[in-house]
file data06.pdb (PDB, C-alpha atoms)
ATOM      1  CA  MET A   1      37.684  -5.505 -74.921
ATOM      2  CA  ALA A   2      37.403  -8.461 -77.256
ATOM      3  CA  LYS A   3      35.186 -11.337 -76.209
ATOM      4  CA  ARG A   4      37.190 -13.839 -74.195
ATOM      5  CA  PHE A   5      34.945 -16.820 -73.856
ATOM      6  CA  TYR A   6      31.735 -18.363 -75.032
ATOM      7  CA  SER A   7      29.017 -20.036 -73.092
ATOM      8  CA  PRO A   8      28.119 -23.592 -74.146
ATOM      9  CA  GLN A   9      24.870 -22.170 -75.553
ATOM     10  CA  GLU A  10      26.786 -19.728 -77.731
ATOM     11  CA  VAL A  11      29.062 -22.478 -78.996
ATOM     12  CA  ALA A  12      26.019 -24.617 -79.754
ATOM     13  CA  GLN A  13      24.577 -21.788 -81.848
ATOM     14  CA  LEU A  14      27.847 -21.189 -83.653
ATOM     15  CA  LEU A  15      28.202 -24.871 -84.507
ATOM     16  CA  ASP A  16      24.503 -25.454 -85.117
ATOM     17  CA  VAL A  17      24.368 -28.288 -82.638
ATOM     18  CA  SER A  18      22.561 -28.772 -79.367
ATOM     19  CA  PRO A  19      23.960 -27.538 -76.053
ATOM     20  CA  THR A  20      23.924 -31.164 -74.947
ATOM     21  CA  THR A  21      26.337 -32.009 -77.738
ATOM     22  CA  VAL A  22      28.605 -29.179 -76.676
ATOM     23  CA  MET A  23      28.522 -30.339 -73.073
ATOM     24  CA  SER A  24      29.327 -33.882 -74.097
ATOM     25  CA  ARG A  25      32.352 -32.652 -76.036
ATOM     26  CA  ILE A  26      33.448 -30.696 -72.993
ATOM     27  CA  HIS A  27      33.036 -33.657 -70.687
ATOM     28  CA  VAL A  28      35.157 -35.955 -72.852
ATOM     29  CA  GLY A  29      37.830 -33.290 -73.078
ATOM     30  CA  ALA A  30      37.485 -32.674 -76.810
ATOM     31  CA  LEU A  31      36.439 -29.067 -76.313
ATOM     32  CA  PRO A  32      38.535 -27.249 -73.721
ATOM     33  CA  ALA A  33      36.510 -25.379 -71.179
ATOM     34  CA  VAL A  34      36.910 -23.688 -67.871
ATOM     35  CA  ARG A  35      34.680 -24.879 -65.074
ATOM     36  CA  VAL A  36      33.540 -21.677 -63.429
ATOM     37  CA  SER A  37      31.360 -23.453 -60.925
ATOM     38  CA  GLU A  38      29.813 -26.873 -60.559
ATOM     39  CA  ARG A  39      27.388 -26.372 -63.430
ATOM     40  CA  ILE A  40      28.793 -23.424 -65.325
ATOM     41  CA  PHE A  41      31.356 -23.831 -68.078
ATOM     42  CA  ARG A  42      33.005 -21.279 -70.339
ATOM     43  CA  ILE A  43      34.933 -21.939 -73.512
ATOM     44  CA  PRO A  44      37.897 -19.631 -74.186
ATOM     45  CA  VAL A  45      37.520 -18.048 -77.610
ATOM     46  CA  PRO A  46      41.017 -18.994 -78.823
ATOM     47  CA  ALA A  47      40.439 -22.585 -77.732
ATOM     48  CA  PHE A  48      37.146 -22.657 -79.601
ATOM     49  CA  GLU A  49      38.771 -21.242 -82.721
ATOM     50  CA  ARG A  50      41.455 -23.873 -82.521
ATOM     51  CA  PHE A  51      38.842 -26.561 -82.014
ATOM     52  CA  VAL A  52      36.913 -25.389 -85.065
ATOM     53  CA  ALA A  53      40.021 -25.222 -87.190
ATOM     54  CA  THR A  54      40.781 -28.774 -86.039
ATOM     55  CA  LEU A  55      44.405 -27.921 -85.998
ATOM     56  CA  PRO A  56      46.457 -30.812 -84.745
ATOM     57  CA  ALA A  57      48.439 -30.074 -81.660
ATOM     58  CA  PRO A  58      52.013 -29.302 -82.589
ATOM     59  CA  ALA A  59      54.714 -31.690 -81.657
ATOM     60  CA  ILE A  60      55.962 -30.375 -78.364
ATOM     61  CA  THR A  61      59.604 -31.030 -77.678
ATOM     62  CA  VAL A  62      61.011 -30.510 -74.241
ATOM     63  CA  GLU A  63      64.420 -28.923 -74.442
ATOM     64  CA  PHE A  64      67.052 -30.101 -71.978
ATOM     65  CA  ARG A  65      69.897 -27.784 -71.110
ATOM     66  CA  GLU A  66      72.802 -28.063 -68.686
ATOM     67  CA  VAL A  67      73.605 -24.951 -66.721
ATOM     68  CA  ASP A  68      76.189 -24.100 -64.067
ATOM     69  CA  ARG A  69      73.533 -23.626 -61.454
ATOM     70  CA  VAL A  70      69.774 -23.877 -61.641
ATOM     71  CA  ALA A  71      68.286 -20.567 -60.547
ATOM     72  CA  ARG A  72      66.108 -20.969 -57.496
ATOM     73  CA  LEU A  73      62.737 -19.405 -58.042
ATOM     74  CA  GLY A  74      63.333 -17.094 -55.120
ATOM     75  CA  GLU A  75      65.902 -15.374 -57.274
ATOM     76  CA  GLU A  76      63.564 -14.578 -60.110
ATOM     77  CA  ILE A  77      61.655 -11.440 -60.889
ATOM     78  CA  GLY A  78      58.499 -12.171 -59.002
ATOM     79  CA  ALA A  79      60.355 -13.272 -55.959
ATOM     80  CA  HIS A  80      62.546 -10.200 -55.918
ATOM     81  CA  ALA A  81      59.377  -8.209 -55.657
ATOM     82  CA  ASP A  82      58.371 -10.583 -52.871
ATOM     83  CA  GLY A  83      61.506  -9.996 -50.887
ATOM     84  CA  LEU A  84      61.936 -13.739 -50.882
ATOM     85  CA  VAL A  85      65.374 -13.958 -52.404
ATOM     86  CA  THR A  86      66.744 -17.274 -51.287
ATOM     87  CA  ALA A  87      70.124 -17.672 -52.885
TER      88      ALA A  87
ATOM     89  CA  MET B   1      55.348 -34.703 -56.124
ATOM     90  CA  ILE B   2      58.225 -37.091 -56.787
ATOM     91  CA  LEU B   3      59.098 -38.347 -60.259
ATOM     92  CA  GLY B   4      61.903 -39.706 -62.379
ATOM     93  CA  LEU B   5      63.373 -37.692 -65.201
ATOM     94  CA  GLN B   6      61.319 -39.178 -68.018
ATOM     95  CA  PRO B   7      57.996 -38.704 -66.208
ATOM     96  CA  ILE B   8      59.015 -35.131 -65.443
ATOM     97  CA  GLY B   9      59.532 -34.615 -69.155
ATOM     98  CA  GLU B  10      56.112 -36.114 -69.858
ATOM     99  CA  TYR B  11      54.574 -33.941 -67.150
ATOM    100  CA  VAL B  12      56.111 -30.814 -68.675
ATOM    101  CA  THR B  13      54.906 -31.814 -72.122
ATOM    102  CA  GLY B  14      51.444 -32.302 -70.670
ATOM    103  CA  LEU B  15      51.465 -28.823 -69.172
ATOM    104  CA  ALA B  16      52.436 -27.350 -72.522
ATOM    105  CA  LYS B  17      49.735 -29.303 -74.361
ATOM    106  CA  SER B  18      47.159 -28.256 -71.812
ATOM    107  CA  LEU B  19      47.968 -24.597 -72.398
ATOM    108  CA  TYR B  20      47.916 -25.117 -76.148
ATOM    109  CA  THR B  21      44.494 -26.736 -76.152
ATOM    110  CA  ARG B  22      43.205 -23.786 -74.164
ATOM    111  CA  GLY B  23      44.282 -21.452 -76.927
ATOM    112  CA  PHE B  24      47.700 -20.361 -75.719
ATOM    113  CA  ASP B  25      50.732 -20.339 -77.978
ATOM    114  CA  LEU B  26      54.043 -21.528 -76.597
ATOM    115  CA  THR B  27      56.677 -18.839 -76.845
ATOM    116  CA  ALA B  28      59.423 -21.455 -76.886
ATOM    117  CA  ASN B  29      59.877 -25.132 -76.269
ATOM    118  CA  PRO B  30      59.280 -26.174 -72.689
ATOM    119  CA  LEU B  31      62.634 -26.184 -70.951
ATOM    120  CA  ILE B  32      64.236 -28.402 -68.336
ATOM    121  CA  GLU B  33      67.549 -27.150 -67.035
ATOM    122  CA  THR B  34      69.884 -29.308 -65.002
ATOM    123  CA  ASP B  35      72.923 -28.412 -62.972
ATOM    124  CA  SER B  36      75.853 -30.234 -61.443
ATOM    125  CA  HIS B  37      74.127 -30.301 -58.046
ATOM    126  CA  GLY B  38      71.340 -32.342 -59.552
ATOM    127  CA  PHE B  39      68.658 -29.681 -59.384
ATOM    128  CA  LEU B  40      66.162 -29.285 -62.202
ATOM    129  CA  ALA B  41      64.393 -26.140 -63.319
ATOM    130  CA  VAL B  42      61.250 -26.458 -65.406
ATOM    131  CA  SER B  43      59.815 -23.639 -67.473
ATOM    132  CA  VAL B  44      56.740 -23.420 -69.684
ATOM    133  CA  VAL B  45      55.713 -20.020 -71.020
ATOM    134  CA  ALA B  46      52.750 -19.361 -73.280
ATOM    135  CA  VAL B  47      50.834 -16.349 -74.519
ATOM    136  CA  ILE B  48      47.583 -15.378 -76.107
ATOM    137  CA  PRO B  49      48.497 -12.673 -78.597
ATOM    138  CA  SER B  50      46.368  -9.585 -78.415
ATOM    139  CA  ASP B  51      45.725  -6.475 -80.443
ATOM    140  CA  SER B  52      45.581  -4.603 -77.185
ATOM    141  CA  PRO B  53      48.201  -1.863 -76.910
ATOM    142  CA  GLN B  54      48.936  -3.169 -73.437
ATOM    143  CA  GLY B  55      50.254  -6.405 -74.930
ATOM    144  CA  ALA B  56      49.549 -10.100 -74.627
ATOM    145  CA  THR B  57      48.275 -12.334 -71.889
ATOM    146  CA  GLU B  58      51.067 -14.517 -70.573
ATOM    147  CA  ILE B  59      51.078 -17.619 -68.436
ATOM    148  CA  SER B  60      54.368 -18.835 -67.048
ATOM    149  CA  LEU B  61      54.799 -22.076 -65.162
ATOM    150  CA  ARG B  62      58.142 -22.489 -63.416
ATOM    151  CA  GLU B  63      59.243 -25.126 -60.973
ATOM    152  CA  THR B  64      62.444 -26.295 -59.380
ATOM    153  CA  TRP B  65      62.950 -29.902 -58.437
ATOM    154  CA  ARG B  66      65.511 -31.090 -55.894
ATOM    155  CA  PRO B  67      67.354 -34.364 -56.351
ATOM    156  CA  LEU B  68      66.551 -37.458 -54.323
ATOM    157  CA  PRO B  69      68.316 -40.827 -54.352
ATOM    158  CA  ASN B  70      67.756 -43.259 -57.215
ATOM    159  CA  GLN B  71      67.357 -40.742 -60.026
ATOM    160  CA  ARG B  72      64.234 -39.185 -58.648
ATOM    161  CA  TRP B  73      63.337 -35.571 -58.032
ATOM    162  CA  GLU B  74      60.893 -33.757 -55.819
ATOM    163  CA  ARG B  75      59.168 -30.573 -56.875
ATOM    164  CA  HIS B  76      59.965 -28.125 -54.104
ATOM    165  CA  GLU B  77      59.398 -24.646 -55.502
ATOM    166  CA  TYR B  78      57.015 -23.200 -58.017
ATOM    167  CA  THR B  79      55.777 -19.935 -59.474
ATOM    168  CA  TYR B  80      52.641 -20.051 -61.590
ATOM    169  CA  ASP B  81      51.805 -16.637 -63.006
ATOM    170  CA  LEU B  82      49.150 -15.040 -65.165
ATOM    171  CA  ILE B  83      50.007 -11.588 -66.448
ATOM    172  CA  ASP B  84      46.847 -10.317 -68.100
ATOM    173  CA  ARG B  85      48.050  -7.191 -69.866
ATOM    174  CA  PRO B  86      44.879  -6.484 -71.850
ATOM    175  CA  MET B  87      42.951  -6.508 -68.579
ATOM    176  CA  ASN B  88      45.912  -4.954 -66.733
ATOM    177  CA  ARG B  89      45.870  -7.441 -63.863
ATOM    178  CA  ARG B  90      47.824 -10.327 -62.392
ATOM    179  CA  ARG B  91      47.168 -13.548 -60.539
ATOM    180  CA  ALA B  92      49.856 -15.895 -59.273
ATOM    181  CA  PHE B  93      50.476 -18.876 -57.018
ATOM    182  CA  HIS B  94      53.901 -19.239 -55.469
ATOM    183  CA  LEU B  95      55.854 -21.620 -53.325
ATOM    184  CA  HIS B  96      59.401 -20.445 -52.745
ATOM    185  CA  ASP B  97      61.932 -21.680 -50.242
ATOM    186  CA  ARG B  98      59.752 -22.919 -47.410
ATOM    187  CA  ALA B  99      61.943 -21.825 -44.524
ATOM    188  CA  ALA B 100      62.512 -18.353 -45.920
ATOM    189  CA  ALA B 101      58.866 -17.865 -46.732
ATOM    190  CA  GLU B 102      57.722 -19.047 -43.334
ATOM    191  CA  ALA B 103      60.221 -16.774 -41.635
ATOM    192  CA  LEU B 104      59.150 -13.769 -43.679
ATOM    193  CA  LEU B 105      55.449 -14.361 -44.110
ATOM    194  CA  GLY B 106      54.488 -16.997 -41.607
ATOM    195  CA  ALA B 107      53.356 -19.277 -44.413
ATOM    196  CA  ALA B 108      55.186 -21.400 -46.942
ATOM    197  CA  VAL B 109      52.753 -20.761 -49.768
ATOM    198  CA  HIS B 110      51.408 -17.458 -50.962
ATOM    199  CA  GLU B 111      49.446 -15.935 -53.806
ATOM    200  CA  HIS B 112      49.553 -12.678 -55.696
ATOM    201  CA  CYS B 113      46.451 -10.855 -56.717
ATOM    202  CA  GLU B 114      46.498  -7.505 -58.494
ATOM    203  CA  GLU B 115      43.267  -6.033 -59.758
ATOM    204  CA  THR B 116      45.505  -3.375 -61.282
ATOM    205  CA  LEU B 117      48.809  -4.670 -62.570
ATOM    206  CA  GLY B 118      51.692  -3.464 -60.460
ATOM    207  CA  GLN B 119      49.460  -1.976 -57.804
ATOM    208  CA  PRO B 120      48.751  -4.757 -55.300
ATOM    209  CA  LEU B 121      46.733  -3.890 -52.246
ATOM    210  CA  CYS B 122      48.786  -6.525 -50.443
ATOM    211  CA  ALA B 123      52.163  -7.947 -51.439
ATOM    212  CA  HIS B 124      51.360 -11.531 -50.452
ATOM    213  CA  TYR B 125      48.133 -13.331 -49.793
ATOM    214  CA  LEU B 126      47.711 -16.576 -47.958
ATOM    215  CA  GLY B 127      47.625 -19.430 -50.415
ATOM    216  CA  ARG B 128      47.088 -23.142 -50.556
ATOM    217  CA  GLU B 129      49.711 -25.498 -51.844
ATOM    218  CA  LEU B 130      49.008 -26.712 -55.360
ATOM    219  CA  PRO B 131      49.754 -30.384 -56.003
ATOM    220  CA  HIS B 132      50.950 -29.860 -59.580
ATOM    221  CA  GLY B 133      50.924 -27.475 -62.498
ATOM    222  CA  HIS B 134      47.681 -28.732 -64.012
ATOM    223  CA  VAL B 135      45.754 -27.392 -61.048
ATOM    224  CA  ALA B 136      47.547 -24.099 -61.516
ATOM    225  CA  ILE B 137      46.487 -23.979 -65.157
ATOM    226  CA  ASP B 138      42.859 -24.462 -64.150
ATOM    227  CA  LEU B 139      43.112 -21.676 -61.576
ATOM    228  CA  LEU B 140      44.891 -19.295 -63.908
ATOM    229  CA  MET B 141      42.437 -19.999 -66.714
ATOM    230  CA  ALA B 142      39.571 -19.310 -64.350
ATOM    231  CA  ALA B 143      41.242 -16.006 -63.496
ATOM    232  CA  TRP B 144      41.770 -15.222 -67.157
ATOM    233  CA  THR B 145      38.107 -15.762 -67.978
ATOM    234  CA  GLU B 146      36.854 -13.943 -64.888
ATOM    235  CA  PRO B 147      34.708 -11.151 -66.305
ATOM    236  CA  GLY B 148      34.533  -9.229 -63.064
ATOM    237  CA  VAL B 149      37.110  -8.495 -60.435
ATOM    238  CA  TYR B 150      39.299 -11.174 -58.907
ATOM    239  CA  GLY B 151      38.152 -10.359 -55.428
ATOM    240  CA  CYS B 152      41.634  -9.786 -54.030
ATOM    241  CA  ALA B 153      40.252  -7.874 -51.087
ATOM    242  CA  GLU B 154      38.567 -11.027 -49.862
ATOM    243  CA  LEU B 155      41.873 -12.880 -49.572
ATOM    244  CA  ILE B 156      43.907 -13.006 -46.379
ATOM    245  CA  CYS B 157      46.822 -10.595 -46.539
ATOM    246  CA  LEU B 158      50.135 -11.877 -45.169
ATOM    247  CA  GLY B 159      51.921  -8.585 -45.657
TER     248      GLY B 159
END
call {"tool": "encode", "arguments": {"input": "data06.pdb", "output": "structure tokens"}}
result
Amino acid sequence: MAKRFYSPQEVAQLLDVSPTTVMSRIHVGALPAVRVSERIFRIPVPAFERFVATLPAPAITVEFREVDRVARLGEEIGAHADGLVTA
Amino acid sequence: MILGLQPIGEYVTGLAKSLYTRGFDLTANPLIETDSHGFLAVSVVAVIPSDSPQGATEISLRETWRPLPNQRWERHEYTYDLIDRPMNRRRAFHLHDRAAAEALLGAAVHEHCEETLGQPLCAHYLGRELPHGHVAIDLLMAAWTEPGVYGCAELICLG
């Protein structure tokens, strides 16, 4: 199983900066992280790679579409398994 | 959660950006469908590609919004799902039709928790209502990065 996340200490080592710097980047939202508990953070590997590559976020365009009838979520796959079909 | 159409679009864009910054790739543009009854359906689907033979990790965020007067809509159903194929497990947070769910399960909101994908110990677990999709993203990301088991057995089974 490939590694899924880094600790702030690991990221600090990879970037050759202090853990404090990493935590500050997390706290301002520049480095995405998951808050596992009050004081424990983990950085998803793909998010770190994207951060390092400094790739700009792509332009995200919401597509609007008219349909005859919006499917209620009770009709979708997960809900069928739930037995919660609510047509 | 009650919004106008433009803020809903901004909200959906925000969900997509949030997934992107966490390393997920959008499989398609976020989608808002409308129908003649005024309902909206929102869909954001993103994946983390994987070399695993089991496939990719997928997060799907789906909501339906019912129309209110004055060009406003209220989010009234949602399904937020994490299908973690490399780890062969699933976590999800659902709010379907309230009346139907309460009649069937005794609770409007439920969760899914599968330590082994497709083999739930319980079909529905008691859940808490999530105020919006950003909270769901945090919960699903926490599940995705959980190195151990989810702890499904500790949840309250609704049947």
call {"tool": "residues_around", "arguments": {"input": "data06.pdb", "residues": "Pro32 (chain A)", "least_positions_apart": "2", "cutoff": "12 Å", "atoms": "all atoms listed in the file", "output": "ChimeraX atom specification"}}
result
/A:5-8,11,22-30,34-35,41-52 /B:17-24,138,141
call {"tool": "closest_residue", "arguments": {"input": "data06.pdb", "among": "B:Gly118, B:Pro147, B:Pro30, B:Pro131", "to": "chain A", "atoms": "only C-alpha atoms"}}
result
B:Pro30
call {"tool": "resolve_selection", "arguments": {"input": "data06.pdb", "expression": "the PyMOL selection byres ((chain B) within 8 of (chain A))", "output": "PyMOL selection string"}}
result
chain B and resi 9+12-13+16-17+20-24+29-37+39-41+48+62-64+77-79+86+96-97+100-101+104+123-124+138+141-142+145
call {"tool": "resolve_selection", "arguments": {"input": "data06.pdb", "expression": "the PyMOL selection byres ((chain B and resi 28) around 8)", "output": "list in words"}}
result
Leu26, Thr27, Asn29, Pro30, Val44, Val45 and Ala46 of chain B
call {"tool": "atom_distance", "arguments": {"input": "data06.pdb", "atom1": "CA of Leu139 (chain B)", "atom2": "CA of Ala153 (chain B)"}}
result
17.6 Å
call {"tool": "closest_residue", "arguments": {"input": "data06.pdb", "among": "B:Ala107, B:Leu140, B:Leu117, B:Ala99", "to": "Leu82 (chain B)", "atoms": "all atoms listed in the file"}}
result
B:Leu140
call {"tool": "atom_distance", "arguments": {"input": "data06.pdb", "atom1": "CA of Phe93 (chain B)", "atom2": "CA of Leu158 (chain B)"}}
result
13.8 Å
call {"tool": "atom_distance", "arguments": {"input": "data06.pdb", "atom1": "CA of Glu129 (chain B)", "atom2": "CA of Leu95 (chain B)"}}
result
7.4 Å
call {"tool": "closest_residue", "arguments": {"input": "data06.pdb", "among": "B:Ala56, B:Val149, B:Leu130, B:Ile137", "to": "Glu115 (chain B)", "atoms": "only C-alpha atoms"}}
result
B:Val149
call {"tool": "resolve_selection", "arguments": {"input": "data06.pdb", "expression": "the PyMOL selection byres ((chain B and resi 68-74) around 6)", "output": "MDAnalysis selection string"}}
result
chainID B and resid 1:4 65:67 75:76
